[in-house]
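File shown: input.pdb (PDB, C-alpha atoms).
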ATOM      1  CA  SER A 140     127.006 107.258 -59.027
ATOM      2  CA  ASN A 141     126.897 108.170 -55.346
ATOM      3  CA  GLY A 142     130.676 108.558 -55.514
ATOM      4  CA  ASP A 143     131.484 105.826 -53.006
ATOM      5  CA  GLY A 144     131.291 102.807 -55.313
ATOM      6  CA  THR A 145     127.507 102.600 -55.084
ATOM      7  CA  TYR A 146     125.008 103.530 -57.755
ATOM      8  CA  GLN A 147     121.397 104.493 -57.354
ATOM      9  CA  ASN A 148     118.451 105.034 -59.673
ATOM     10  CA  SER A 149     115.444 106.239 -57.692
ATOM     11  CA  ASP A 150     113.306 106.159 -60.865
ATOM     12  CA  LEU A 151     113.709 102.376 -61.187
ATOM     13  CA  ILE A 152     110.837 100.437 -59.619
ATOM     14  CA  VAL A 153     111.738  96.759 -59.398
ATOM     15  CA  LYS A 154     108.787  94.487 -60.186
ATOM     16  CA  ALA A 155     108.425  90.826 -59.279
ATOM     17  CA  GLY A 156     108.866  88.556 -62.288
ATOM     18  CA  SER A 157     110.772  91.149 -64.312
ATOM     19  CA  SER A 158     114.285  90.531 -65.599
ATOM     20  CA  TYR A 159     117.109  92.984 -64.918
ATOM     21  CA  GLN A 160     120.499  93.243 -66.588
ATOM     22  CA  LEU A 161     123.737  94.933 -65.611
ATOM     23  CA  SER A 162     126.496  95.716 -68.083
ATOM     24  CA  PHE A 163     129.541  97.987 -67.950
ATOM     25  CA  PRO A 164     133.109  98.077 -69.298
ATOM     26  CA  TYR A 165     135.955  97.384 -66.860
ATOM     27  CA  ASN A 166     139.656  96.897 -67.636
ATOM     28  CA  GLY A 167     138.985  96.263 -71.323
ATOM     29  CA  MET A 168     136.238  93.681 -70.676
ATOM     30  CA  THR A 169     132.479  93.922 -70.376
ATOM     31  CA  VAL A 170     131.061  92.867 -67.008
ATOM     32  CA  THR A 171     127.522  91.510 -67.370
ATOM     33  CA  ALA A 172     124.876  89.919 -65.180
ATOM     34  CA  THR A 173     121.163  89.145 -65.275
ATOM     35  CA  THR A 174     118.611  88.354 -62.579
ATOM     36  CA  VAL A 175     114.851  88.071 -62.186
ATOM     37  CA  ALA A 176     113.065  89.712 -59.247
ATOM     38  CA  PRO A 177     111.277  86.989 -57.245
ATOM     39  CA  ALA A 178     107.657  87.212 -56.111
ATOM     40  CA  GLU A 179     106.856  88.264 -52.551
ATOM     41  CA  PRO A 180     106.713  85.346 -50.089
ATOM     42  CA  GLN A 181     103.154  84.149 -49.459
ATOM     43  CA  GLY A 182     101.425  82.693 -46.421
ATOM     44  CA  LEU A 183     103.935  83.727 -43.742
ATOM     45  CA  THR A 184     102.652  82.553 -40.345
ATOM     46  CA  LEU A 185     104.118  82.138 -36.872
ATOM     47  CA  SER A 186     103.049  79.467 -34.388
ATOM     48  CA  GLU A 187     103.248  82.136 -31.656
ATOM     49  CA  ASN A 188     103.008  85.920 -31.660
ATOM     50  CA  THR A 189     104.160  86.294 -28.048
ATOM     51  CA  ILE A 190     106.512  84.241 -25.888
ATOM     52  CA  SER A 191     107.831  84.659 -22.346
ATOM     53  CA  ILE A 192     111.419  83.966 -21.411
ATOM     54  CA  GLY A 193     112.742  84.226 -17.864
ATOM     55  CA  GLN A 194     116.201  85.664 -17.279
ATOM     56  CA  SER A 195     117.427  82.294 -16.013
ATOM     57  CA  ALA A 196     115.606  80.153 -18.615
ATOM     58  CA  GLY A 197     117.885  77.561 -20.118
ATOM     59  CA  PHE A 198     120.552  78.106 -17.441
ATOM     60  CA  GLY A 199     119.251  75.710 -14.813
ATOM     61  CA  GLY A 200     116.243  77.797 -13.811
ATOM     62  CA  GLY A 201     112.999  78.720 -15.470
ATOM     63  CA  GLU A 202     111.361  77.004 -18.358
ATOM     64  CA  MET A 203     112.202  77.744 -21.978
ATOM     65  CA  PRO A 204     109.187  78.132 -24.306
ATOM     66  CA  SER A 205     108.655  75.754 -27.226
ATOM     67  CA  MET A 206     110.256  76.277 -30.616
ATOM     68  CA  ILE A 207     108.553  78.915 -32.773
ATOM     69  CA  ASN A 208     107.456  77.467 -36.089
ATOM     70  CA  VAL A 209     107.696  79.893 -39.019
ATOM     71  CA  SER A 210     105.914  78.616 -42.118
ATOM     72  CA  TRP A 211     105.094  79.882 -45.600
ATOM     73  CA  SER A 212     103.888  78.654 -48.975
ATOM     74  CA  ASN A 213     106.635  77.228 -51.185
ATOM     75  CA  LYS A 214     105.012  75.259 -53.985
ATOM     76  CA  ASP A 215     107.970  75.694 -56.369
ATOM     77  CA  SER A 216     110.828  74.927 -53.899
ATOM     78  CA  SER A 217     112.195  78.478 -54.076
ATOM     79  CA  TYR A 218     114.940  79.521 -51.657
ATOM     80  CA  TYR A 219     114.276  81.535 -48.515
ATOM     81  CA  PHE A 220     116.066  82.717 -45.436
ATOM     82  CA  ILE A 221     114.834  84.261 -42.206
ATOM     83  CA  TYR A 222     116.301  87.319 -40.525
ATOM     84  CA  VAL A 223     115.126  88.187 -37.007
ATOM     85  CA  LYS A 224     115.859  91.617 -35.495
ATOM     86  CA  ASN A 225     114.889  93.250 -32.222
ATOM     87  CA  VAL A 226     113.243  96.543 -33.205
ATOM     88  CA  GLU A 227     113.147  98.211 -29.775
ATOM     89  CA  VAL A 228     114.912 101.574 -29.478
ATOM     90  CA  VAL A 229     115.981 100.812 -25.914
ATOM     91  CA  LYS A 230     117.041  97.182 -25.680
ATOM     92  CA  GLU A 231     116.759  95.111 -22.503
ATOM     93  CA  ALA A 232     118.978  92.023 -22.443
ATOM     94  CA  ILE A 233     117.413  88.739 -21.376
ATOM     95  CA  ASN A 234     120.499  87.787 -19.369
ATOM     96  CA  THR A 235     123.837  89.257 -18.388
ATOM     97  CA  ARG A 236     125.706  87.066 -20.880
ATOM     98  CA  THR A 237     124.157  88.865 -23.851
ATOM     99  CA  GLU A 238     126.794  90.155 -26.249
ATOM    100  CA  ALA A 239     126.305  93.867 -26.929
ATOM    101  CA  GLY A 240     124.927  94.583 -30.395
ATOM    102  CA  LYS A 241     123.766  90.990 -30.957
ATOM    103  CA  ASP A 242     120.174  92.052 -31.579
ATOM    104  CA  PHE A 243     119.647  89.979 -34.734
ATOM    105  CA  PHE A 244     120.144  86.469 -36.106
ATOM    106  CA  ARG A 245     119.383  84.576 -39.307
ATOM    107  CA  ASN A 246     119.261  81.064 -40.669
ATOM    108  CA  THR A 247     121.013  79.638 -43.698
ATOM    109  CA  PRO A 248     119.058  79.571 -46.978
ATOM    110  CA  THR A 249     116.541  76.764 -47.340
ATOM    111  CA  ASN A 250     114.131  75.582 -50.007
ATOM    112  CA  MET A 251     111.718  74.177 -47.415
ATOM    113  CA  ASP A 252     108.431  75.797 -46.356
ATOM    114  CA  GLN A 253     109.100  76.125 -42.639
ATOM    115  CA  TYR A 254     111.775  76.847 -40.078
ATOM    116  CA  GLU A 255     111.889  76.474 -36.311
ATOM    117  CA  ILE A 256     113.324  79.298 -34.235
ATOM    118  CA  ASN A 257     114.883  78.229 -30.964
ATOM    119  CA  PRO A 258     113.790  80.648 -28.199
ATOM    120  CA  ARG A 259     117.407  80.598 -26.940
ATOM    121  CA  SER A 260     118.283  82.590 -30.081
ATOM    122  CA  PHE A 261     116.584  85.679 -28.635
ATOM    123  CA  GLN A 262     118.970  87.896 -26.682
ATOM    124  CA  TYR A 263     116.637  90.800 -25.909
ATOM    125  CA  TYR A 264     113.099  91.370 -24.671
ATOM    126  CA  GLY A 265     110.633  93.309 -26.766
ATOM    127  CA  GLN A 266     109.290  93.356 -30.303
ATOM    128  CA  HIS A 267     111.140  91.377 -32.973
ATOM    129  CA  ARG A 268     110.608  91.679 -36.711
ATOM    130  CA  ILE A 269     110.826  88.338 -38.480
ATOM    131  CA  ILE A 270     111.623  88.917 -42.136
ATOM    132  CA  LEU A 271     111.209  86.079 -44.613
ATOM    133  CA  TYR A 272     113.311  86.743 -47.709
ATOM    134  CA  ARG A 273     112.639  84.974 -50.988
ATOM    135  CA  ILE A 274     116.015  84.785 -52.675
ATOM    136  CA  ARG A 275     117.443  83.784 -56.030
ATOM    137  CA  PRO A 276     119.742  80.766 -56.583
ATOM    138  CA  GLU A 277     122.752  83.043 -57.199
ATOM    139  CA  TYR A 278     122.381  84.391 -53.659
ATOM    140  CA  VAL A 279     122.353  80.823 -52.317
ATOM    141  CA  LEU A 280     125.576  80.032 -54.208
ATOM    142  CA  PHE A 281     127.203  83.195 -52.893
ATOM    143  CA  PHE A 282     126.049  82.383 -49.350
ATOM    144  CA  GLN A 283     127.460  78.848 -49.614
ATOM    145  CA  ASP A 284     130.799  80.215 -50.910
ATOM    146  CA  ASN A 285     130.967  82.946 -48.261
ATOM    147  CA  SER A 286     134.045  81.347 -46.709
ATOM    148  CA  SER A 287     136.011  83.687 -48.955
ATOM    149  CA  SER A 288     137.023  87.081 -47.671
ATOM    150  CA  SER A 289     138.805  90.047 -49.169
ATOM    151  CA  LEU A 290     141.979  88.660 -47.595
ATOM    152  CA  SER A 291     141.757  85.362 -49.493
ATOM    153  CA  ILE A 292     139.665  85.725 -52.621
ATOM    154  CA  THR A 293     138.752  82.465 -54.310
ATOM    155  CA  GLU A 294     136.658  81.731 -57.370
ATOM    156  CA  ILE A 295     133.056  82.436 -56.435
ATOM    157  CA  ARG A 296     130.276  80.598 -58.235
ATOM    158  CA  ALA A 297     127.926  83.408 -59.116
ATOM    159  CA  ASN A 298     126.071  85.037 -61.991
ATOM    160  CA  ILE A 299     128.491  87.803 -63.030
ATOM    161  CA  GLN A 300     130.548  87.291 -66.164
ATOM    162  CA  ASN A 301     134.046  88.868 -66.169
ATOM    163  CA  GLY A 302     133.685  89.932 -62.519
ATOM    164  CA  PHE A 303     133.169  88.766 -58.944
ATOM    165  CA  GLY A 304     130.094  88.890 -56.735
ATOM    166  CA  ILE A 305     126.410  88.572 -57.428
ATOM    167  CA  PHE A 306     123.744  90.607 -59.142
ATOM    168  CA  THR A 307     120.493  89.514 -57.586
ATOM    169  CA  ALA A 308     117.062  90.551 -56.382
ATOM    170  CA  ILE A 309     115.148  89.582 -53.265
ATOM    171  CA  ASN A 310     111.623  90.084 -51.976
ATOM    172  CA  SER A 311     110.316  89.867 -48.431
ATOM    173  CA  ALA A 312     107.371  89.555 -46.082
ATOM    174  CA  SER A 313     107.382  90.312 -42.353
ATOM    175  CA  ALA A 314     105.716  89.191 -39.147
ATOM    176  CA  TYR A 315     106.265  90.273 -35.553
ATOM    177  CA  LEU A 316     106.939  88.337 -32.364
ATOM    178  CA  TYR A 317     106.992  89.847 -28.886
ATOM    179  CA  VAL A 318     109.427  88.396 -26.327
ATOM    180  CA  GLY A 319     108.270  89.262 -22.818
ATOM    181  CA  LYS A 320     109.038  88.413 -19.227
ATOM    182  CA  PRO A 321     107.030  85.729 -17.403
TER     183      PRO A 321
END

Could you quickly redo this structure as structure tokens?
Amino acid sequence: SNGDGTYQNSDLIVKAGSSYQLSFPYNGMTVTATTVAPAEPQGLTLSENTISIGQSAGFGGGEMPSMINVSWSNKDSSYYFIYVKNVEVVKEAINTRTEAGKDFFRNTPTNMDQYEINPRSFQYYGQHRIILYRIRPEYVLFFQDNSSSSLSITEIRANIQNGFGIFTAINSASAYLYVGKP
């Protein structure tokens, strides 16, 4: 225990395809869960590695670049989601309407093999890491039921018996996209 409600085992090396179980007593019941670590996503490609966006693009001036197609291999209809984050230390906003701290965005889980990123989603210039996560079905269920909050807890469809939440594993692959000025 790290003492703050989190637990860590630095000796555990999670391997794709392996099954993992969690079990502990709580309030006179045994909380249990099982998951399987998914394989790393394969074949991640971007239609563009660099795009240019003007400060007035999409606001009546300047031209917005085409959608960026992110594709990968998904022969078994597994679930994925994409997380895009600006990785620059010093961030330069594309326009003055950029909300401070909004240097990332993501899509909802999909079992397709591609996703189009709208260039209007980018709020900052510079290097962006595009992370493709391969996720388990229990994460998808939790994501779909995420309308719950700690203020109004409802029954969450997940994979933990005698408890709430999810016990899951993910795997990822990354690519990079540079957003520059024209």

Hey, can I get the axis-aligned box for region 266-278 of chain A? All listed atoms, 8 Å padding on each side, centre and edge lengths in Å to one decimal, as AutoDock Vina command-line options.
--center_x 116.0 --center_y 87.1 --center_z -43.8 --size_x 29.5 --size_y 28.6 --size_z 42.9

Around the point (107.3, 82.4, -42.8) (coordinates from the file), which residues reach within 10 Å if we count all atoms listed in the file? Answer as a VMD selection string.
chain A and resid 180 to 186 208 to 213 219 to 221 252 to 255 269 to 272 311 to 314

Per residue of region 217-282 of chain A within 12 Å of region 166-175 of chain A, what are the shortest atom pair and its distance in Å to one decimal, counting all atoms listed in the file, with rows by chain and residue number, as a Markdown table?
| residue | atom | partner | partner_atom | distance |
| --- | --- | --- | --- | --- |
| A:Arg273 | CA | A:Val175 | CA | 11.8 |
| A:Ile274 | CA | A:Val175 | CA | 10.1 |
| A:Arg275 | CA | A:Val175 | CA | 7.9 |
| A:Pro276 | CA | A:Thr174 | CA | 9.7 |
| A:Glu277 | CA | A:Thr174 | CA | 8.6 |
| A:Tyr278 | CA | A:Thr174 | CA | 10.5 |

One decimal, Å: what's the distance from CA of Ile190 (chain A) over to CA of Glu238 (chain A), could you say?
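About the pair CA of Ile190 (chain A) and CA of Glu238 (chain A): they are 21.1 Å apart.
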
To verify the selection step, state as a PDB file with C-alpha atoms, keeping the file's coordinate frame which residues the PyMOL selection byres ((chain A and resi 191) around 8) yields on this input.
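Once everything was written out, this is part-v7.pdb:
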ATOM      1  CA  THR A 189     104.160  86.294 -28.048  1.00  0.00           C
ATOM      2  CA  ILE A 190     106.512  84.241 -25.888  1.00  0.00           C
ATOM      3  CA  ILE A 192     111.419  83.966 -21.411  1.00  0.00           C
ATOM      4  CA  GLY A 193     112.742  84.226 -17.864  1.00  0.00           C
ATOM      5  CA  PRO A 204     109.187  78.132 -24.306  1.00  0.00           C
ATOM      6  CA  VAL A 318     109.427  88.396 -26.327  1.00  0.00           C
ATOM      7  CA  GLY A 319     108.270  89.262 -22.818  1.00  0.00           C
ATOM      8  CA  LYS A 320     109.038  88.413 -19.227  1.00  0.00           C
ATOM      9  CA  PRO A 321     107.030  85.729 -17.403  1.00  0.00           C
TER      10      PRO A 321
END

Please identify all polymer residues within 9 Å of Ser157 (chain A), counting all atoms listed in the file, omitting same-chain residues fewer than 2 positions from it, and present them as a list in words.
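Counting all atoms listed in the file, the residues come to Val153, Lys154, Ala155, Tyr159, Thr174, Val175, Ala176 and Pro177 of chain A.
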